[in-house]
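Here is the file upload-v5.txt (compact mmCIF, C-alpha atoms).
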```txt
# COMPACT_ATOMS: atom_id res chain seq x y z
CA MET Y 1 -154.40 17.03 41.19
CA ALA Y 2 -152.33 15.50 38.34
CA LYS Y 3 -151.52 18.95 36.93
CA SER Y 4 -150.37 20.33 40.27
CA LEU Y 5 -148.27 17.26 40.93
CA LYS Y 6 -146.63 17.59 37.51
CA ASP Y 7 -145.94 21.26 38.26
CA GLN Y 8 -144.12 20.19 41.41
CA ASN Y 9 -141.82 18.02 39.29
CA ILE Y 10 -140.75 20.77 36.87
CA GLY Y 11 -137.66 21.70 38.90
CA ARG Y 12 -136.43 18.11 39.04
CA LEU Y 13 -137.04 17.57 35.33
CA LEU Y 14 -135.13 20.78 34.57
CA ALA Y 15 -132.25 19.43 36.65
CA VAL Y 16 -132.35 16.26 34.52
CA VAL Y 17 -132.08 18.30 31.32
CA VAL Y 18 -129.23 20.47 32.68
CA GLY Y 19 -127.39 17.43 34.01
CA ASN Y 20 -127.56 15.71 30.64
CA CYS Y 21 -126.24 18.87 28.96
CA VAL Y 22 -123.29 18.94 31.36
CA VAL Y 23 -122.45 15.28 30.70
CA PHE Y 24 -122.70 15.92 26.96
CA MET Y 25 -120.19 18.78 27.19
CA LEU Y 26 -117.80 16.73 29.33
CA PHE Y 27 -117.79 13.97 26.73
CA ALA Y 28 -117.52 16.45 23.86
CA HIS Y 29 -114.37 18.02 25.35
CA ALA Y 30 -112.82 15.09 27.17
CA ALA Y 31 -109.65 15.37 25.10
CA ASP Y 32 -109.39 19.17 25.14
CA PHE Y 33 -109.34 20.18 28.80
CA SER Y 34 -105.65 19.49 29.40
CA SER Y 35 -104.23 20.65 26.08
CA ALA Y 36 -106.05 23.83 25.07
CA PRO Y 37 -105.74 27.29 26.67
CA VAL Y 38 -108.49 28.34 29.04
CA TYR Y 39 -110.08 30.83 26.61
CA GLU Y 40 -110.20 28.17 23.88
CA GLN Y 41 -111.77 25.69 26.27
CA ALA Y 42 -114.40 28.27 27.24
CA THR Y 43 -115.17 29.07 23.60
CA LYS Y 44 -115.57 25.41 22.71
CA LEU Y 45 -117.72 24.78 25.77
CA ILE Y 46 -120.07 27.60 24.79
CA GLY Y 47 -120.14 26.36 21.22
CA GLN Y 48 -121.07 22.87 22.34
CA PHE Y 49 -123.49 24.00 25.04
CA VAL Y 50 -125.70 26.03 22.71
CA PRO Y 51 -126.76 23.15 20.41
CA ALA Y 52 -126.97 20.76 23.37
CA ALA Y 53 -129.16 23.18 25.33
CA LEU Y 54 -131.35 23.82 22.30
CA ALA Y 55 -131.72 20.09 21.72
CA ALA Y 56 -132.53 19.51 25.39
CA SER Y 57 -135.10 22.31 25.36
CA LEU Y 58 -136.67 20.78 22.26
CA LEU Y 59 -136.75 17.42 24.00
CA ALA Y 60 -138.53 18.97 26.99
CA ILE Y 61 -141.18 20.30 24.61
CA LEU Y 62 -141.45 16.95 22.84
CA ASN Y 63 -141.75 15.19 26.19
CA GLY Y 64 -144.69 17.44 26.96
CA LEU Y 65 -146.28 16.37 23.69
CA LEU Y 66 -145.93 12.69 24.56
CA GLY Y 67 -149.25 11.49 25.90
CA PRO Y 68 -149.71 9.35 29.01
CA GLN Y 69 -150.27 6.30 26.79
CA THR Y 70 -146.95 6.74 24.97
CA LYS Y 71 -145.03 7.36 28.18
CA ALA Y 72 -146.65 4.30 29.76
CA ARG Y 73 -145.53 2.22 26.78
CA LEU Y 74 -141.97 3.47 27.25
CA VAL Y 75 -142.11 2.55 30.93
CA PHE Y 76 -144.01 -0.75 30.99
CA TRP Y 77 -143.02 -2.06 27.52
CA ARG Y 78 -146.58 -3.03 26.64
CA TRP Y 79 -148.28 -1.67 23.54
CA SER Y 80 -151.88 -2.50 24.46
CA ASP Y 81 -153.30 -1.22 27.74
CA PRO Y 82 -149.92 -0.14 29.17
CA LEU Y 83 -151.26 1.92 32.09
CA PRO Y 84 -150.39 0.33 35.48
CA GLY Y 85 -154.05 0.26 36.53
CA SER Y 86 -154.76 -2.12 33.64
CA ARG Y 87 -153.27 -4.98 35.69
CA ALA Y 88 -154.31 -3.71 39.10
CA PHE Y 89 -156.51 -6.70 39.99
CA SER Y 90 -155.10 -9.52 37.85
CA VAL Y 91 -151.45 -9.00 38.81
CA HIS Y 92 -150.58 -6.21 41.25
CA ALA Y 93 -153.23 -6.92 43.90
CA ASN Y 94 -151.77 -10.39 44.45
CA GLN Y 95 -148.19 -9.15 44.77
CA ASP Y 96 -148.57 -6.71 47.67
CA ALA Y 97 -148.89 -8.08 51.21
CA ARG Y 98 -150.61 -4.88 52.34
CA ILE Y 99 -153.70 -5.71 50.28
CA ASN Y 100 -156.53 -7.77 51.77
CA VAL Y 101 -157.80 -9.28 48.53
CA SER Y 102 -160.86 -10.87 50.13
CA ALA Y 103 -161.94 -7.56 51.68
CA LEU Y 104 -161.29 -5.76 48.42
CA LYS Y 105 -163.46 -8.25 46.51
CA ARG Y 106 -166.31 -7.67 48.94
CA LYS Y 107 -166.04 -3.93 48.48
CA ILE Y 108 -166.01 -3.79 44.67
CA GLY Y 109 -168.30 -6.72 43.96
CA LYS Y 110 -167.51 -7.98 40.46
CA TRP Y 111 -163.78 -8.61 40.14
CA PRO Y 112 -162.65 -6.92 36.89
CA LYS Y 113 -160.63 -9.04 34.47
CA ASN Y 114 -160.46 -7.10 31.21
CA PRO Y 115 -157.48 -4.63 31.26
CA ARG Y 116 -159.66 -1.63 30.49
CA GLU Y 117 -162.21 -2.64 33.08
CA GLN Y 118 -159.41 -3.06 35.59
CA ASN Y 119 -158.03 0.39 34.89
CA SER Y 120 -161.49 1.95 35.07
CA ALA Y 121 -162.32 0.18 38.35
CA TRP Y 122 -158.95 1.09 39.84
CA TYR Y 123 -159.36 4.74 38.80
CA GLY Y 124 -162.74 4.85 40.53
CA LEU Y 125 -161.07 3.66 43.74
CA TYR Y 126 -158.21 6.12 43.30
CA ARG Y 127 -160.60 9.08 43.08
CA THR Y 128 -161.91 8.30 46.57
CA VAL Y 129 -158.44 8.34 48.20
CA GLU Y 130 -156.46 10.69 45.94
CA SER Y 131 -155.93 13.23 48.74
CA ASP Y 132 -154.34 10.66 51.05
CA PRO Y 133 -150.66 11.63 51.62
CA ALA Y 134 -149.38 8.17 50.68
CA VAL Y 135 -151.33 8.24 47.41
CA THR Y 136 -150.30 11.81 46.61
CA THR Y 137 -146.63 11.03 47.20
CA GLY Y 138 -146.80 7.84 45.14
CA HIS Y 139 -148.56 9.62 42.31
CA ARG Y 140 -146.03 12.47 42.26
CA GLU Y 141 -143.04 10.12 42.22
CA PHE Y 142 -144.58 8.02 39.46
CA LEU Y 143 -145.29 11.09 37.31
CA PHE Y 144 -141.72 12.34 37.76
CA ALA Y 145 -140.13 8.98 36.94
CA ARG Y 146 -142.49 8.46 33.99
CA ASP Y 147 -141.67 11.89 32.52
CA TYR Y 148 -137.96 11.32 33.17
CA ALA Y 149 -138.22 8.01 31.31
CA GLY Y 150 -139.85 9.77 28.38
CA LEU Y 151 -137.08 12.37 28.33
CA SER Y 152 -134.32 9.78 28.64
CA ALA Y 153 -135.73 7.79 25.71
CA LEU Y 154 -135.66 10.95 23.61
CA PHE Y 155 -132.12 11.68 24.83
CA VAL Y 156 -130.95 8.38 23.37
CA VAL Y 157 -132.31 9.25 19.93
CA VAL Y 158 -131.81 13.01 19.60
CA ILE Y 159 -128.79 13.78 21.80
CA GLY Y 160 -127.23 10.50 20.71
CA ALA Y 161 -127.49 11.64 17.09
CA LEU Y 162 -126.01 15.02 18.03
CA ALA Y 163 -123.11 13.27 19.75
CA THR Y 164 -122.45 11.18 16.65
CA TYR Y 165 -122.24 14.39 14.61
CA GLN Y 166 -120.10 16.43 17.03
CA PHE Y 167 -117.78 14.01 18.84
CA HIS Y 168 -115.84 12.70 15.80
CA ASP Y 169 -114.70 9.82 17.96
CA LEU Y 170 -116.42 6.47 17.50
CA ARG Y 171 -115.35 5.02 20.83
CA ARG Y 172 -116.33 8.09 22.84
CA THR Y 173 -119.64 8.29 20.99
CA GLY Y 174 -120.34 4.64 21.69
CA VAL Y 175 -119.64 5.04 25.42
CA TYR Y 176 -121.80 8.15 25.62
CA ILE Y 177 -124.75 6.54 23.84
CA ALA Y 178 -124.39 3.48 26.07
CA ILE Y 179 -124.65 5.79 29.11
CA LEU Y 180 -127.79 7.38 27.65
CA ALA Y 181 -129.29 3.94 27.03
CA ALA Y 182 -128.40 2.81 30.56
CA GLN Y 183 -130.03 5.95 31.95
CA TYR Y 184 -133.25 5.13 30.10
CA LEU Y 185 -133.26 1.48 31.18
CA ILE Y 186 -132.67 2.34 34.84
CA VAL Y 187 -135.20 5.17 34.93
CA ARG Y 188 -137.89 3.20 33.11
CA TYR Y 189 -137.45 0.34 35.61
CA VAL Y 190 -137.74 2.74 38.55
CA ALA Y 191 -140.81 4.34 36.95
CA ALA Y 192 -142.43 0.93 36.52
CA GLN Y 193 -141.84 0.16 40.20
CA TYR Y 194 -143.29 3.51 41.24
CA GLY Y 195 -146.30 2.90 39.01
CA LYS Y 196 -147.00 -0.48 40.56
CA ARG Y 197 -146.54 0.94 44.07
CA PHE Y 198 -148.93 3.78 43.27
CA VAL Y 199 -151.57 1.31 42.11
CA THR Y 200 -151.20 -1.05 45.05
CA THR Y 201 -151.19 1.77 47.60
CA VAL Y 202 -154.68 2.73 46.43
CA LEU Y 203 -155.84 -0.89 46.64
CA ALA Y 204 -154.28 -1.34 50.09
CA LEU Y 205 -156.04 1.73 51.46
CA LYS Y 206 -159.39 0.67 50.04
CA SER Y 207 -159.07 -2.90 51.33
CA ALA Y 208 -158.30 -1.59 54.83
CA GLU Y 209 -161.33 0.71 55.00
CA GLN Y 210 -163.96 -0.26 57.55
```

Structure encoded using structure tokens:
Amino acid sequence: MAKSLKDQNIGRLLAVVVGNCVVFMLFAHAADFSSAPVYEQATKLIGQFVPAALAASLLAILNGLLGPQTKARLVFWRWSDPLPGSRAFSVHANQDARINVSALKRKIGKWPKNPREQNSAWYGLYRTVESDPAVTTGHREFLFARDYAGLSALFVVVIGALATYQFHDLRRTGVYIAILAAQYLIVRYVAAQYGKRFVTTVLALKSAEQ
């Protein structure tokens, strides 16, 4: 299921990479579009696009090498037990009005407290409802946002360094890197919200079962 859901997100992640390449080129040639002839603009655009595209492709590969644990750390900003299921019962279950906590406690018996026990117990519940449309949609959106967050964090480091080398303009470079950083912060926040919603949707469905 996770693999097929990730496959469904490939097109959107590719759009993210292409979009970041386009923004990079716009910043790289912000001062050239009005002054240089068209053929010179085209030549410079191609010259800038090639290293940017190569860097973005490399980042896509690196993002694939990032494990779920690393991506979760980038999203939830917790080093130990960063997966959203690790706080499913101690935090998230009490924050969603859809969840009947009393009914859920009766269903699972011992209420898990240790983060790893929580994640394991939550995963066991997830496996019983993973084909539910609400769960599938939540899982897919979380995987996309999590992978996007991983890519955007790499963009800040790698494409930001490339911008520093190619822009030759401190102010423009600073603005561009600030945009990359803002992209990461926004996307990682959205991914964290999707992760929590994914976790609580599973708990809500299980608590409502007769």

Find the residues of segment 96-155 of chain Y that sit at most 12 Å from segment 79-82 of chain Y; for each, write down the nearest two atoms and how far apart they are in Å, to one decimal. Count only C-alpha atoms. Sort by chain, then by number going up, and give it as a tab-separated table.
```
residue	atom	partner	partner_atom	distance
Y:Asn114	CA	Y:Asp81	CA	9.9
Y:Pro115	CA	Y:Asp81	CA	6.4
Y:Arg116	CA	Y:Asp81	CA	6.9
Y:Glu117	CA	Y:Asp81	CA	10.5
Y:Gln118	CA	Y:Asp81	CA	10.1
Y:Asn119	CA	Y:Asp81	CA	8.7
Y:Ser120	CA	Y:Asp81	CA	11.4
```

Considering all atoms listed in the file, state which residue in the set Y:Arg146, Y:Arg98, Y:Arg127, Y:Arg73 is at the smallest distance from Leu13 of chain Y.
Y:Arg146

Between atom CA of Lys110 of chain Y and atom CA of Leu205 of chain Y, what is the spacing in Å?
18.6 Å

Taking (-133.1, 5.0, 35.4) in the file's own coordinates, collect the residues within 12 Å, counting only C-alpha atoms, and hand them back as a list in words.
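Answer for this query, in the requested form: Val16, Val75, Phe144, Ala145, Arg146, Asp147, Tyr148, Ala149, Gly150, Leu151, Ser152, Ala153, Ile179, Leu180, Ala181, Ala182, Gln183, Tyr184, Leu185, Ile186, Val187, Arg188, Tyr189, Val190, Ala191, Ala192, Gln193 and Tyr194 of chain Y.
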
For segment 77-88 of chain Y, what centre and edge lengths in Å (one decimal) does the axis-aligned box get once 4 Å is added on each side of all its listed atoms, as lines of an AutoDock Vina configuration file?
```
center_x = -148.9
center_y = -1.5
center_z = 31.3
size_x = 19.7
size_y = 14.9
size_z = 23.6
```

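For the atom pair formed by atom CA of Lys196 of chain Y and atom CA of Leu154 of chain Y, the distance is 23.4 Å, given to one decimal.
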
One decimal, Å: what's the distance from atom CA of Val158 of chain Y over to atom CA of Phe142 of chain Y, could you say?
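Going from atom CA of Val158 of chain Y over to atom CA of Phe142 of chain Y, I get 24.1 Å.
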
Determine the nearest neighbour of Ile10 of chain Y from the options Y:Gly64, Y:Gly160, Y:Pro133, Y:Pro112, counting all atoms listed in the file.
Y:Gly64

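Distances here use all atoms listed in the file; by that measure, the residue among Y:Val157, Y:Val199, Y:Ile108, Y:Ala72 closest to Ala88 of chain Y is Y:Val199.
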
Which residues, written as a ChimeraX atom specification, have at least one atom at most 6 Å from segment 135-141 of chain Y, with all atoms listed in the file counted and residues fewer than 4 positions away on the same chain left out?
/Y:5,130,198
